[in-house]
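Trainee: Okay, so here is final_24.tsv, and as you'll see once you scroll down, it has TSV, C-alpha atoms.
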```tsv
chain	number	residue	atom	x	y	z
X	1	MET	CA	111.49	108.71	137.37
X	2	SER	CA	110.75	109.30	133.70
X	3	HIS	CA	107.24	109.08	132.28
X	4	PHE	CA	108.21	109.68	128.64
X	5	THR	CA	106.40	107.54	126.05
X	6	THR	CA	107.35	107.29	122.36
X	7	ILE	CA	104.93	106.80	119.45
X	8	LEU	CA	106.09	106.25	115.86
X	9	THR	CA	104.23	108.53	113.46
X	10	GLN	CA	104.39	109.33	109.77
X	11	ILE	CA	105.50	112.95	110.20
X	12	ARG	CA	107.86	113.74	107.34
X	13	ASP	CA	107.08	117.39	106.50
X	14	THR	CA	108.42	119.72	109.18
X	15	GLU	CA	106.82	122.80	107.58
X	16	ALA	CA	103.37	121.18	107.77
X	17	LEU	CA	104.10	120.32	111.41
X	18	ALA	CA	105.10	123.94	112.05
X	19	ASP	CA	101.81	125.11	110.48
X	20	ALA	CA	99.85	122.67	112.68
X	21	CYS	CA	101.68	123.95	115.76
X	22	ALA	CA	100.96	127.55	114.81
X	23	GLU	CA	97.26	126.76	114.44
X	24	LEU	CA	97.27	125.19	117.91
X	25	GLY	CA	99.01	128.29	119.27
X	26	VAL	CA	102.22	126.47	120.24
X	27	GLU	CA	105.78	126.81	119.01
X	28	LEU	CA	107.95	124.36	117.06
X	29	LEU	CA	111.60	124.62	118.10
X	30	ARG	CA	114.68	122.91	116.65
X	31	ASP	CA	117.43	120.98	118.45
X	32	THR	CA	116.39	121.54	122.06
X	33	ASP	CA	115.06	119.67	125.10
X	34	ALA	CA	111.44	118.79	125.81
X	35	ARG	CA	110.28	119.19	129.40
X	36	GLY	CA	108.79	116.32	131.41
X	37	PHE	CA	107.84	115.28	134.93
X	38	ALA	CA	110.16	116.27	137.80
X	39	ASN	CA	112.43	118.38	135.57
X	40	SER	CA	113.31	115.42	133.37
X	41	THR	CA	114.07	116.24	129.74
X	42	ARG	CA	114.24	114.49	126.39
X	43	HIS	CA	116.28	115.94	123.53
X	44	GLY	CA	114.50	116.40	120.22
X	45	GLU	CA	115.51	117.35	116.70
X	46	LEU	CA	112.20	119.21	116.89
X	47	VAL	CA	110.31	120.13	120.03
X	48	VAL	CA	106.69	121.24	120.26
X	49	ARG	CA	106.84	123.76	123.11
X	50	LEU	CA	103.47	123.54	124.82
X	51	ARG	CA	101.92	126.12	127.14
X	52	GLY	CA	101.80	123.67	130.07
X	53	PRO	CA	104.72	122.11	131.97
X	54	TYR	CA	105.52	119.39	129.40
X	55	ASP	CA	106.54	119.35	125.73
X	56	ILE	CA	106.74	116.93	122.79
X	57	ALA	CA	110.10	115.83	121.36
X	58	ALA	CA	110.27	114.67	117.72
X	59	THR	CA	113.23	112.55	116.65
X	60	ARG	CA	114.03	110.20	113.80
X	61	PRO	CA	114.77	106.59	114.82
X	62	ASP	CA	117.70	106.68	112.37
X	63	PRO	CA	119.12	110.23	112.36
X	64	ALA	CA	121.33	109.31	109.39
X	65	ASP	CA	118.22	108.66	107.26
X	66	PRO	CA	116.51	111.98	106.48
X	67	THR	CA	113.55	110.15	104.92
X	68	SER	CA	112.60	108.25	108.08
X	69	PRO	CA	109.45	109.47	109.86
X	70	TYR	CA	109.62	111.17	113.24
X	71	GLU	CA	108.79	109.53	116.55
X	72	LEU	CA	106.91	111.72	119.00
X	73	THR	CA	107.87	111.41	122.66
X	74	THR	CA	106.18	113.10	125.58
X	75	ASP	CA	105.29	112.75	129.22
X	76	TRP	CA	101.56	112.00	129.39
X	77	TRP	CA	101.41	112.32	133.20
X	78	ASN	CA	98.42	114.17	134.62
X	79	GLY	CA	96.85	115.00	131.23
X	80	HIS	CA	98.86	118.18	130.55
X	81	VAL	CA	99.82	117.24	126.98
X	82	GLU	CA	96.48	115.60	126.18
X	83	ARG	CA	94.61	118.82	127.06
X	84	GLU	CA	96.66	120.76	124.50
X	85	VAL	CA	97.03	118.32	121.59
X	86	GLY	CA	94.38	115.66	122.25
X	87	PRO	CA	94.63	112.00	123.21
X	88	ASN	CA	97.55	110.27	121.45
X	89	TYR	CA	98.41	113.61	119.79
X	90	GLY	CA	95.03	113.46	117.98
X	91	ARG	CA	94.48	117.18	117.31
X	92	LEU	CA	98.15	117.78	116.46
X	93	LEU	CA	98.22	114.87	113.99
X	94	GLN	CA	94.85	115.88	112.51
X	95	LEU	CA	96.10	119.40	111.83
X	96	TYR	CA	99.40	118.06	110.51
X	97	GLY	CA	97.40	115.98	108.00
X	98	VAL	CA	95.31	119.00	107.03
X	99	HIS	CA	98.35	121.21	106.44
X	100	LYS	CA	100.27	118.46	104.62
X	101	THR	CA	97.30	117.92	102.29
X	102	MET	CA	96.95	121.66	101.67
X	103	ARG	CA	100.67	121.94	100.82
X	104	GLU	CA	100.52	119.01	98.40
X	105	ALA	CA	97.35	120.36	96.79
X	106	ALA	CA	99.03	123.74	96.26
X	107	LYS	CA	101.94	122.02	94.48
X	108	LYS	CA	99.41	120.50	92.07
X	109	HIS	CA	97.57	123.84	91.67
X	110	LEU	CA	94.41	122.49	93.30
X	111	ARG	CA	91.97	124.62	95.26
X	112	VAL	CA	91.25	123.47	98.79
X	113	THR	CA	88.08	124.14	100.74
X	114	ARG	CA	88.26	123.43	104.46
X	115	ARG	CA	85.24	122.92	106.68
X	116	GLN	CA	85.10	122.12	110.38
X	117	GLU	CA	82.47	119.48	111.10
X	118	THR	CA	80.35	119.47	114.28
X	119	ASP	CA	82.00	116.21	115.43
X	120	GLY	CA	85.46	117.87	115.40
X	121	SER	CA	86.60	116.36	112.13
X	122	ILE	CA	87.88	118.56	109.32
X	123	ARG	CA	86.59	118.07	105.78
X	124	LEU	CA	88.88	119.06	102.92
X	125	THR	CA	87.56	119.31	99.38
X	126	LEU	CA	90.09	119.55	96.53
X	127	ALA	CA	89.20	120.83	93.07
X	128	ALA	CA	91.05	121.82	89.93
```
Could you spell out this file's structure in structure tokens?

Mentor:
Amino acid sequence: MSHFTTILTQIRDTEALADACAELGVELLRDTDARGFANSTRHGELVVRLRGPYDIAATRPDPADPTSPYELTTDWWNGHVEREVGPNYGRLLQLYGVHKTMREAAKKHLRVTRRQETDGSIRLTLAA
């Protein structure tokens, strides 16, 4: 029985995703299978290899369209994935947003100051 669930996201920058994964201490792999419950797998163009027994597969709904955002698919059973990346991928998506913003700011030659808030949010300040 498969427990995989898919969520459409706005992930378009694989390098920013790789940076987010690195900050979380997990690996981003290409063209491999994500692990799920009872040895089930889901193939992904990208796979976030987690430390626990399950992974996250990232695929485009239309593989022929390189501009389409990625869908994230994982097996949420027993909280393994949630412990590593947060509920509904919260920490992973937060860090993806941080790294995407920092990359775009660098392209525009803006300085970025990053501060971790006590509530877990991350505050970015951009300046010329």

Trainee: Excluding Gly52 (chain X) and its own-chain neighbours fewer than 4 positions away, which residues fall within 12 Å of it when counting only C-alpha atoms? Please give them as a list of chain:residue names.

Mentor: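 Skipping anything fewer than 4 positions along the chain leaves X:Val26, X:Ala34, X:Arg35, X:Gly36, X:Phe37, X:Val48, X:Ile56, X:Asp75, X:Trp76, X:Trp77, X:Asn78, X:Gly79, X:His80, X:Val81, X:Glu82, X:Arg83, X:Glu84, X:Val85.
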
Trainee: How far is it from CA of Asp55 (chain X) to CA of Leu72 (chain X), in Å with one decimal?

Mentor: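 Atom-to-atom, CA of Asp55 (chain X) to CA of Leu72 (chain X), that is 10.2 Å.
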
Trainee: At what distance in Å, to one decimal, does CA of Glu45 (chain X) lie from CA of Asp31 (chain X)?

Mentor: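 Here the two named atoms are 4.5 Å from each other.
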
Trainee: What's the separation between CA of Asn39 (chain X) and CA of Ala20 (chain X), in Å to one decimal place?

Mentor: 26.5 Å

Trainee: What's around region 109-125 of chain X at 9 Å? Count only C-alpha atoms, leave out sequence neighbours fewer than 4 positions away in its own chain, and write the answer as a PyMOL selection string.

Mentor: chain X and resi 94-95+98+101-102+104-105

Trainee: For each of X:Leu28, X:Gly97, X:Thr74, X:Pro66, take the minimum atom-to-atom distance to Pro53 (chain X), counting all atoms listed in the file, then give the residue where this is smallest.

Mentor: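 With all atoms listed in the file as the atom set, the closest residue is X:Thr74.
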
Trainee: Looking at all atoms listed in the file, which of X:Thr9, X:Arg49, X:Ser40, X:Leu92 is the one that sits closest to Pro61 (chain X)?

Mentor: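 Nearest candidate to Pro61 (chain X) out of X:Thr9, X:Arg49, X:Ser40, X:Leu92: X:Thr9.
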
Trainee: Between X:Ala58, X:Ala38, X:Leu24, X:Leu50, which is the closest to Ile11 (chain X) once you count all atoms listed in the file?

Mentor: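 Ranked by minimum distance to Ile11 (chain X), first place goes to X:Ala58.
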
Trainee: Given only C-alpha atoms as the basis, pick out the residue of X:Val47, X:Lys107, X:Arg60, X:Tyr54 nearest to Ala18 (chain X).

Mentor: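 Checking each candidate against Ala18 (chain X), we get X:Val47 as the closest.
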